[in-house]
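What follows is the content of target_27.txt (compact mmCIF, C-alpha atoms).
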# COMPACT_ATOMS: atom_id res chain seq x y z
CA MET C 1 67.61 71.30 133.72
CA ALA C 2 64.93 69.21 135.42
CA GLU C 3 61.30 70.01 134.74
CA ASN C 4 59.33 71.59 137.64
CA ASN C 5 62.45 71.85 139.78
CA GLU C 6 62.61 75.38 141.16
CA ASN C 7 65.95 74.69 142.86
CA CYS C 8 67.71 73.68 139.66
CA SER C 9 70.75 75.84 138.89
CA SER C 10 70.83 74.73 135.22
CA ASN C 11 74.45 73.65 135.77
CA CYS C 12 74.36 69.87 135.30
CA SER C 13 78.13 69.52 135.74
CA LYS C 14 77.86 70.60 139.40
CA CYS C 15 74.56 68.92 140.21
CA GLY C 16 74.61 65.87 142.48
CA LYS C 17 71.10 64.68 141.68
CA GLU C 18 71.69 61.50 139.73
CA GLY C 19 67.99 60.75 139.27
CA CYS C 20 67.23 63.95 137.40
CA GLY C 21 65.47 63.08 134.17
CA GLU C 22 67.03 66.00 132.35
CA ARG C 23 70.52 65.50 133.76
CA LYS C 24 73.27 65.26 131.15
CA SER C 25 76.85 64.14 131.57
CA ALA C 26 79.53 66.76 131.12
CA GLN C 27 79.15 67.79 127.52
CA ASP C 28 81.50 69.72 125.30
CA PHE C 29 79.56 72.08 123.04
CA ARG C 30 82.67 73.52 121.41
CA GLU C 31 82.70 73.49 117.63
CA LYS C 32 85.64 72.15 115.64
CA LEU C 33 87.81 74.44 113.60
CA HIS C 34 87.88 74.05 109.85
CA ASP C 35 90.32 71.38 108.66
CA GLY C 36 92.70 73.98 107.27
CA SER C 37 92.67 76.24 110.34
CA SER C 38 95.06 76.71 113.24
CA VAL C 39 94.29 79.00 116.20
CA LYS C 40 96.38 78.85 119.36
CA LYS C 41 94.67 81.29 121.76
CA VAL C 42 91.25 82.93 121.74
CA ILE C 43 90.48 86.13 123.65
CA ALA C 44 86.91 87.45 123.87
CA ILE C 45 86.31 91.18 124.33
CA VAL C 46 83.03 91.73 126.20
CA SER C 47 80.96 94.27 128.08
CA GLY C 48 77.59 94.32 129.73
CA LYS C 49 76.52 97.39 127.75
CA GLY C 50 77.02 98.99 124.37
CA GLY C 51 78.98 102.08 123.45
CA VAL C 52 81.98 101.49 125.70
CA GLY C 53 84.47 100.81 122.88
CA LYS C 54 84.87 97.04 122.61
CA SER C 55 85.68 97.25 118.91
CA LEU C 56 88.29 99.95 119.52
CA VAL C 57 89.91 97.85 122.25
CA THR C 58 89.82 94.76 120.02
CA SER C 59 91.44 96.66 117.14
CA LEU C 60 94.14 98.24 119.31
CA LEU C 61 95.07 94.91 120.92
CA ALA C 62 95.22 93.00 117.65
CA SER C 63 97.30 95.74 116.01
CA HIS C 64 99.71 95.99 118.95
CA ILE C 65 100.28 92.24 119.21
CA GLN C 66 100.61 91.88 115.43
CA HIS C 67 103.31 94.57 115.57
CA ASP C 68 105.04 92.49 118.24
CA GLY C 69 105.53 89.70 115.71
CA TYR C 70 102.58 87.43 116.44
CA SER C 71 99.91 86.39 113.97
CA CYS C 72 96.54 87.89 114.94
CA ALA C 73 92.96 87.54 113.79
CA ILE C 74 89.64 89.15 114.65
CA LEU C 75 86.32 87.32 114.56
CA ASP C 76 83.70 90.07 114.51
CA ALA C 77 80.81 88.50 116.43
CA ASP C 78 78.73 91.69 116.29
CA ILE C 79 76.70 90.43 113.34
CA THR C 80 74.12 93.22 113.21
CA GLY C 81 76.45 96.13 113.97
CA PRO C 82 79.98 95.31 112.75
CA SER C 83 82.60 98.07 112.97
CA ILE C 84 85.87 96.15 112.63
CA PRO C 85 86.02 96.53 108.80
CA THR C 86 85.80 100.33 109.10
CA ALA C 87 88.56 100.51 111.73
CA PHE C 88 90.93 98.62 109.42
CA GLY C 89 89.90 100.35 106.20
CA VAL C 90 88.55 97.21 104.51
CA SER C 91 84.82 97.89 104.59
CA GLN C 92 84.55 97.44 100.82
CA GLU C 93 86.28 94.04 100.78
CA LYS C 94 84.44 90.74 100.25
CA ALA C 95 85.31 87.35 101.72
CA GLU C 96 86.25 84.80 99.10
CA GLY C 97 85.14 81.18 99.30
CA GLY C 98 86.00 77.86 97.75
CA VAL C 99 86.10 74.10 98.18
CA MET C 100 88.94 72.04 99.61
CA THR C 101 89.65 68.39 100.40
CA ALA C 102 89.35 67.56 104.09
CA SER C 103 91.56 65.10 105.98
CA ASP C 104 88.95 62.37 105.51
CA GLY C 105 88.93 62.91 101.74
CA SER C 106 85.60 64.72 101.63
CA GLN C 107 85.07 68.02 99.85
CA VAL C 108 84.27 70.91 102.20
CA GLU C 109 83.44 74.55 101.57
CA PHE C 110 85.44 77.31 103.18
CA LEU C 111 85.75 81.08 103.48
CA LYS C 112 88.97 83.06 103.48
CA PRO C 113 89.33 85.92 105.96
CA VAL C 114 90.06 89.39 104.65
CA LYS C 115 93.55 90.62 105.53
CA SER C 116 94.29 94.09 106.83
CA ALA C 117 97.22 96.18 105.59
CA GLY C 118 99.26 94.85 108.50
CA GLY C 119 98.33 91.22 107.85
CA ILE C 120 95.64 90.76 110.53
CA GLN C 121 93.05 88.19 109.46
CA LEU C 122 89.49 89.54 109.72
CA MET C 123 86.05 88.01 109.37
CA SER C 124 82.94 90.18 109.65
CA MET C 125 79.38 90.02 108.42
CA ASN C 126 80.03 93.07 106.24
CA PHE C 127 82.37 90.99 104.08
CA LEU C 128 79.40 88.81 103.08
CA LEU C 129 76.87 91.54 102.28
CA GLN C 130 76.31 92.97 98.83
CA ASN C 131 76.42 96.47 100.33
CA GLU C 132 77.96 97.32 103.68
CA THR C 133 74.86 99.34 104.61
CA ASP C 134 72.49 96.38 104.07
CA PRO C 135 70.80 95.62 107.42
CA VAL C 136 71.04 92.14 108.90
CA ILE C 137 67.50 91.51 110.12
CA TRP C 138 67.88 88.11 111.75
CA ARG C 139 66.62 86.53 114.93
CA GLY C 140 68.96 85.35 117.68
CA PRO C 141 69.42 81.69 116.65
CA VAL C 142 70.37 82.65 113.08
CA ILE C 143 72.85 85.25 114.34
CA SER C 144 74.38 82.69 116.70
CA GLY C 145 74.67 80.25 113.81
CA ALA C 146 76.61 82.83 111.80
CA VAL C 147 79.06 83.30 114.68
CA ARG C 148 79.64 79.55 114.86
CA GLN C 149 80.23 79.44 111.10
CA PHE C 150 82.84 82.19 111.37
CA TRP C 151 84.71 79.74 113.60
CA THR C 152 84.02 76.51 111.71
CA ASP C 153 83.87 77.55 108.04
CA VAL C 154 86.66 80.11 107.83
CA VAL C 155 90.21 78.97 107.16
CA TRP C 156 92.24 80.77 109.84
CA ASP C 157 95.88 80.56 108.84
CA ASN C 158 98.27 79.80 111.71
CA VAL C 159 96.80 82.32 114.16
CA ASP C 160 98.59 82.94 117.47
CA PHE C 161 95.88 85.13 118.97
CA MET C 162 92.28 85.41 117.83
CA PHE C 163 90.20 88.25 119.27
CA VAL C 164 86.42 87.84 119.32
CA ASP C 165 84.65 91.20 119.30
CA CYS C 166 81.37 90.41 121.07
CA PRO C 167 78.19 92.47 120.93
CA PRO C 168 77.08 94.02 124.24
CA GLY C 169 75.18 92.21 126.94
CA THR C 170 74.94 88.63 128.13
CA GLY C 171 72.58 87.25 125.51
CA ASP C 172 72.68 84.81 122.60
CA VAL C 173 75.96 85.75 120.95
CA PRO C 174 78.24 85.97 124.03
CA LEU C 175 76.71 82.70 125.23
CA THR C 176 77.38 81.14 121.82
CA VAL C 177 80.99 82.36 121.90
CA PHE C 178 81.62 80.97 125.38
CA GLN C 179 79.99 77.62 124.61
CA SER C 180 81.06 77.04 120.99
CA ILE C 181 84.58 78.49 120.89
CA PRO C 182 87.45 77.44 123.21
CA VAL C 183 87.96 80.86 124.79
CA ASP C 184 91.22 81.12 126.74
CA GLY C 185 90.30 84.37 128.48
CA ILE C 186 88.11 87.43 128.32
CA ILE C 187 88.71 91.13 128.74
CA VAL C 188 85.87 93.22 130.13
CA VAL C 189 85.63 96.76 128.74
CA SER C 190 83.99 99.51 130.76
CA SER C 191 83.69 103.29 130.95
CA PRO C 192 84.12 105.45 134.06
CA GLN C 193 80.50 106.16 135.03
CA GLN C 194 79.34 104.74 138.36
CA LEU C 195 76.40 102.89 136.84
CA VAL C 196 78.86 100.76 134.90
CA ARG C 197 79.69 98.82 138.06
CA VAL C 198 76.46 96.84 137.73
CA ILE C 199 77.11 96.31 134.02
CA VAL C 200 80.66 95.08 134.66
CA GLU C 201 79.39 92.77 137.38
CA LYS C 202 76.96 91.16 134.95
CA ALA C 203 79.75 90.43 132.46
CA VAL C 204 82.07 89.14 135.20
CA ASN C 205 79.38 86.90 136.66
CA MET C 206 78.56 85.47 133.23
CA ALA C 207 82.22 84.66 132.63
CA ASN C 208 82.44 82.95 136.01
CA MET C 209 79.29 80.94 135.36
CA MET C 210 80.74 79.79 132.03
CA ASN C 211 84.11 78.96 133.65
CA VAL C 212 86.01 81.34 131.37
CA PRO C 213 89.01 83.07 132.99
CA ILE C 214 88.95 86.87 133.12
CA LEU C 215 92.27 88.44 132.17
CA GLY C 216 91.29 91.87 133.46
CA LEU C 217 89.47 95.14 132.88
CA ILE C 218 90.09 97.91 130.37
CA GLU C 219 88.57 101.33 130.95
CA ASN C 220 87.83 103.29 127.80
CA MET C 221 87.03 107.03 127.68
CA SER C 222 88.91 107.26 130.93
CA TYR C 223 89.99 110.90 130.64
CA VAL C 224 90.88 113.73 128.28
CA LYS C 225 94.44 115.04 128.32
CA CYS C 226 94.80 118.82 128.19
CA PRO C 227 96.76 119.73 125.02
CA ASP C 228 98.56 122.55 126.85
CA CYS C 229 99.49 121.20 130.29
CA GLU C 230 98.80 117.47 129.69
CA LYS C 231 96.67 117.30 132.84
CA GLU C 232 94.16 114.44 132.85
CA ILE C 233 90.62 115.82 132.88
CA LYS C 234 88.01 113.34 134.16
CA ILE C 235 85.06 114.34 131.99
CA PHE C 236 82.88 111.57 133.48
CA GLY C 237 84.02 112.18 137.05
CA GLU C 238 86.42 110.15 139.10
CA SER C 239 86.89 106.62 137.86
CA ASN C 240 85.66 103.64 139.87
CA ILE C 241 87.64 101.07 137.90
CA GLU C 242 90.23 100.40 140.60
CA GLY C 243 87.53 99.74 143.19
CA ILE C 244 85.65 97.43 140.83
CA ALA C 245 88.84 95.55 140.01
CA LYS C 246 89.67 95.15 143.71
CA ASP C 247 86.17 93.89 144.52
CA PHE C 248 86.45 91.17 141.86
CA ASN C 249 90.16 90.49 142.35
CA LEU C 250 90.94 91.54 138.79
CA LYS C 251 93.69 93.54 137.10
CA VAL C 252 93.20 96.91 135.44
CA LEU C 253 94.95 96.27 132.14
CA SER C 254 94.58 99.69 130.54
CA ARG C 255 92.97 103.13 130.79
CA ILE C 256 92.34 104.60 127.35
CA PRO C 257 91.64 108.33 127.00
CA VAL C 258 89.21 110.18 124.77
CA GLU C 259 91.55 111.44 122.07
CA GLN C 260 90.73 113.22 118.83
CA LYS C 261 93.67 111.74 116.94
CA MET C 262 92.61 108.21 117.86
CA SER C 263 89.01 108.79 116.87
CA VAL C 264 89.91 110.31 113.50
CA THR C 265 92.51 107.62 112.77
CA VAL C 266 90.04 104.80 113.45
CA ASP C 267 87.31 106.49 111.40
CA ASN C 268 89.81 106.73 108.54
CA GLY C 269 90.49 103.00 108.71
CA GLU C 270 94.06 103.41 109.94
CA VAL C 271 93.88 101.89 113.42
CA GLU C 272 97.08 99.92 112.78
CA SER C 273 99.05 103.16 112.62
CA LEU C 274 98.30 104.05 116.26
CA THR C 275 101.36 103.52 118.45
CA GLU C 276 100.52 105.51 121.60
CA GLY C 277 100.95 102.46 123.85
CA TYR C 278 97.68 102.70 125.77
CA VAL C 279 97.27 98.91 125.70
CA ASP C 280 100.90 97.92 126.37
CA PHE C 281 100.22 96.13 129.65
CA ALA C 282 97.11 94.43 128.28
CA ALA C 283 99.08 93.19 125.27
CA THR C 284 101.87 91.87 127.49
CA THR C 285 99.30 90.04 129.63
CA ILE C 286 97.78 88.39 126.56
CA GLU C 287 101.14 87.48 125.01
CA SER C 288 102.12 85.73 128.25
CA LEU C 289 99.43 83.12 127.56
CA LEU C 290 101.65 81.62 124.85
CA LYS C 291 104.72 81.70 127.09
CA LYS C 292 103.22 79.63 129.89

With the file now loaded, output its structure as structure tokens.
Amino acid sequence: MAENNENCSSNCSKCGKEGCGERKSAQDFREKLHDGSSVKKVIAIVSGKGGVGKSLVTSLLASHIQHDGYSCAILDADITGPSIPTAFGVSQEKAEGGVMTASDGSQVEFLKPVKSAGGIQLMSMNFLLQNETDPVIWRGPVISGAVRQFWTDVVWDNVDFMFVDCPPGTGDVPLTVFQSIPVDGIIVVSSPQQLVRVIVEKAVNMANMMNVPILGLIENMSYVKCPDCEKEIKIFGESNIEGIAKDFNLKVLSRIPVEQKMSVTVDNGEVESLTEGYVDFAATTIESLLKK
């Protein structure tokens, strides 16, 4: 970005001002995978606000697609508030490390992801703490560095689909994910309240600015199903997700209800046992990325 230039958009790749002193040629900020890693497709799960269920959506998608016969992994980019280990019942596990010989003959350190009961490869900050309740009191640049290291220093073994569970908002970590990791698509998670429209729009606009394709929207806490008549009760009022999707020319990939069984199952670390099919269409959409 040029100094003292109020009209600068900060996007050097689309700027026609050749004389700009700060202008840079198109630059690839993406980090290289570890020598022993293989990851085919990367899907980021994002939202403009917290508490909408990104980790639940991430866990359900990875479990569903793993059940379909693909190899899945989750990079938990929520460094200060990780919940992926709890959902998969591995919160007490620790990531193991070692040293291996790289392709150039040098010795490089590596971390091994923790595997879930169903074989999903997981990396989360909790696997590196002495106690899972230890707080991570780091500033933004250090947190972003940890996210990059989860990509570069972990040996991801022949992964078909990696899901990146991003913290809420459009700050340091989502920006680091979009710039440092070759993301093939994002899924925006929302909840039904009207105010979420602005929050969704922020996430969508960030993805567009970063030139990352949006696969679609998933609405969590969409409704409660009556246990007697199975009627859908809209506890947050009528959903606006279809209107939002139409305005941004996006697909609604899933509407996930508030369900006691799901909540208890996830809290018990058994998310892989859920087979209700709430994310069937979303999973099919993601799997199609490898078939193109």

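For the point (86.7, 86.2, 114.9), the residues with at least one atom inside 8 Å, counting all atoms listed in the file, are Ala73, Ile74, Leu75, Asp76, Ala77, Leu122, Met123, Ser124, Phe150, Trp151, Met162, Phe163, Val164 and Asp165 of chain C.
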
Mind writing the picked residues with C-alpha atoms as a PDB file, in the frame of the given file?
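The new file part30.pdb reads:
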ATOM      1  CA  ALA C  73      92.960  87.540 113.790  1.00  0.00           C
ATOM      2  CA  ILE C  74      89.640  89.150 114.650  1.00  0.00           C
ATOM      3  CA  LEU C  75      86.320  87.320 114.560  1.00  0.00           C
ATOM      4  CA  ASP C  76      83.700  90.070 114.510  1.00  0.00           C
ATOM      5  CA  ALA C  77      80.810  88.500 116.430  1.00  0.00           C
ATOM      6  CA  LEU C 122      89.490  89.540 109.720  1.00  0.00           C
ATOM      7  CA  MET C 123      86.050  88.010 109.370  1.00  0.00           C
ATOM      8  CA  SER C 124      82.940  90.180 109.650  1.00  0.00           C
ATOM      9  CA  PHE C 150      82.840  82.190 111.370  1.00  0.00           C
ATOM     10  CA  TRP C 151      84.710  79.740 113.600  1.00  0.00           C
ATOM     11  CA  MET C 162      92.280  85.410 117.830  1.00  0.00           C
ATOM     12  CA  PHE C 163      90.200  88.250 119.270  1.00  0.00           C
ATOM     13  CA  VAL C 164      86.420  87.840 119.320  1.00  0.00           C
ATOM     14  CA  ASP C 165      84.650  91.200 119.300  1.00  0.00           C
TER      15      ASP C 165
END

Q | Polymer residues at most 6 Å from range 169-178 of chain C, all atoms listed in the file, same-chain spacing of 6 or more positions, as a PyMOL selection string | A | chain C and resi 48-49+144

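As for CA of Ser55 in chain C and CA of Asp160 in chain C, they are spaced 19.3 Å apart.
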
*Of the candidates C:Lys40, C:Arg30, C:Lys112, C:His64, which one gets nearest to Val279 in chain C if we count only C-alpha atoms?*
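Of all the options, C:His64 lies closest to Val279 in chain C.
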
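The nearest approach to Gln130 in chain C among the residues C:Glu230, C:Glu272, C:Asp157, C:Glu93, with only C-alpha atoms taken into account, belongs to C:Glu93.
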
Report, in Å to a single decimal, how far apart CA of Asp68 in chain C and CA of Phe281 in chain C are.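 We find that CA of Phe281 in chain C and CA of Asp68 in chain C lie 12.9 Å from each other.
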
Looking at C:Leu129, C:Ile79, C:Val188, C:Ile65, which one is nearest to Ser47 in chain C, with distances taken over only C-alpha atoms?
->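 Closest to Ser47 in chain C of all the choices is C:Val188.
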
Practice problem: For Phe29 in chain C, work out the shell of residues within 9 Å, counting all atoms listed in the file and skipping chain neighbours fewer than 5 positions away, then give it as JSON, numbers by chain. | Solution: {"C": [179, 180, 181]}

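Nearest to Ser273 in chain C of all the residues C:Gly53, C:Ile45, C:His34, C:Leu60 is C:Leu60, based on all atoms listed in the file.
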
Review point. Using only C-alpha atoms, which of C:Ile244, C:Leu215, C:Val258, C:Val90 sits nearest Glu232 in chain C?
Key: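 Comparing C:Ile244, C:Leu215, C:Val258, C:Val90 against Glu232 in chain C, the winner is C:Val258.
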
Self-check item: Test item: residues at most 9 Å from Glu96 in chain C, only C-alpha atoms, excluding those fewer than 3 positions along its chain, as a ChimeraX atom specification
Solution: /C:110-114,127-128

Distance query Glu270 in chain C at most 8 Å, all atoms listed in the file, self and fewer than 6 positions along chain excluded, as a list in words:
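Residues near the query, excluding close chain neighbours: Ala87, Phe88 and Gly89 of chain C.
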
Write to file, as a compact mmCIF listing (two decimals), in the frame of the given file, the residues of the selection just made, with C-alpha atoms.
# COMPACT_ATOMS: atom_id res chain seq x y z
CA ALA C 87 88.56 100.51 111.73
CA PHE C 88 90.93 98.62 109.42
CA GLY C 89 89.90 100.35 106.20

Item to complete: Report the distance between CA of Val46 in chain C and CA of Ile286 in chain C in Å, rounded to one decimal place.
Response: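 Between these atoms lies a distance of 15.1 Å.
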
Coordinates of box centre and edge lengths for range 65-81 of chain C, 5 Å on every side, axis-aligned, as JSON:
{"center_x": 89.8, "center_y": 91.3, "center_z": 116.2, "size_x": 41.4, "size_y": 19.7, "size_z": 16.0}

Quiz item: From the set C:Val266, C:Leu289, C:Met221, C:Ile186, which residue has the shortest atom-to-atom contact distance to Glu238 in chain C, counting only C-alpha atoms?
Solution: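 Of C:Val266, C:Leu289, C:Met221, C:Ile186, the one nearest Glu238 in chain C, counting only C-alpha atoms, is C:Met221.
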
Spatial neighbours of Ser37 in chain C, 8 Å, all atoms listed in the file, chain gap at least 5 places, as a PDB file with C-alpha atoms, in the frame of the given file:
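Final output, saved to around_20.pdb:
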ATOM      1  CA  VAL C 154      86.660  80.110 107.830  1.00  0.00           C
ATOM      2  CA  VAL C 155      90.210  78.970 107.160  1.00  0.00           C
ATOM      3  CA  TRP C 156      92.240  80.770 109.840  1.00  0.00           C
ATOM      4  CA  ASP C 157      95.880  80.560 108.840  1.00  0.00           C
ATOM      5  CA  ASN C 158      98.270  79.800 111.710  1.00  0.00           C
TER       6      ASN C 158
END

* Could you please give me, as a ChimeraX atom specification, the residues of protein, DNA or RNA lying at most 9 Å from (81.8, 98.4, 117.5) in the coordinate frame of the file, considering only C-alpha atoms? => /C:50-56,78,81-84,165-167
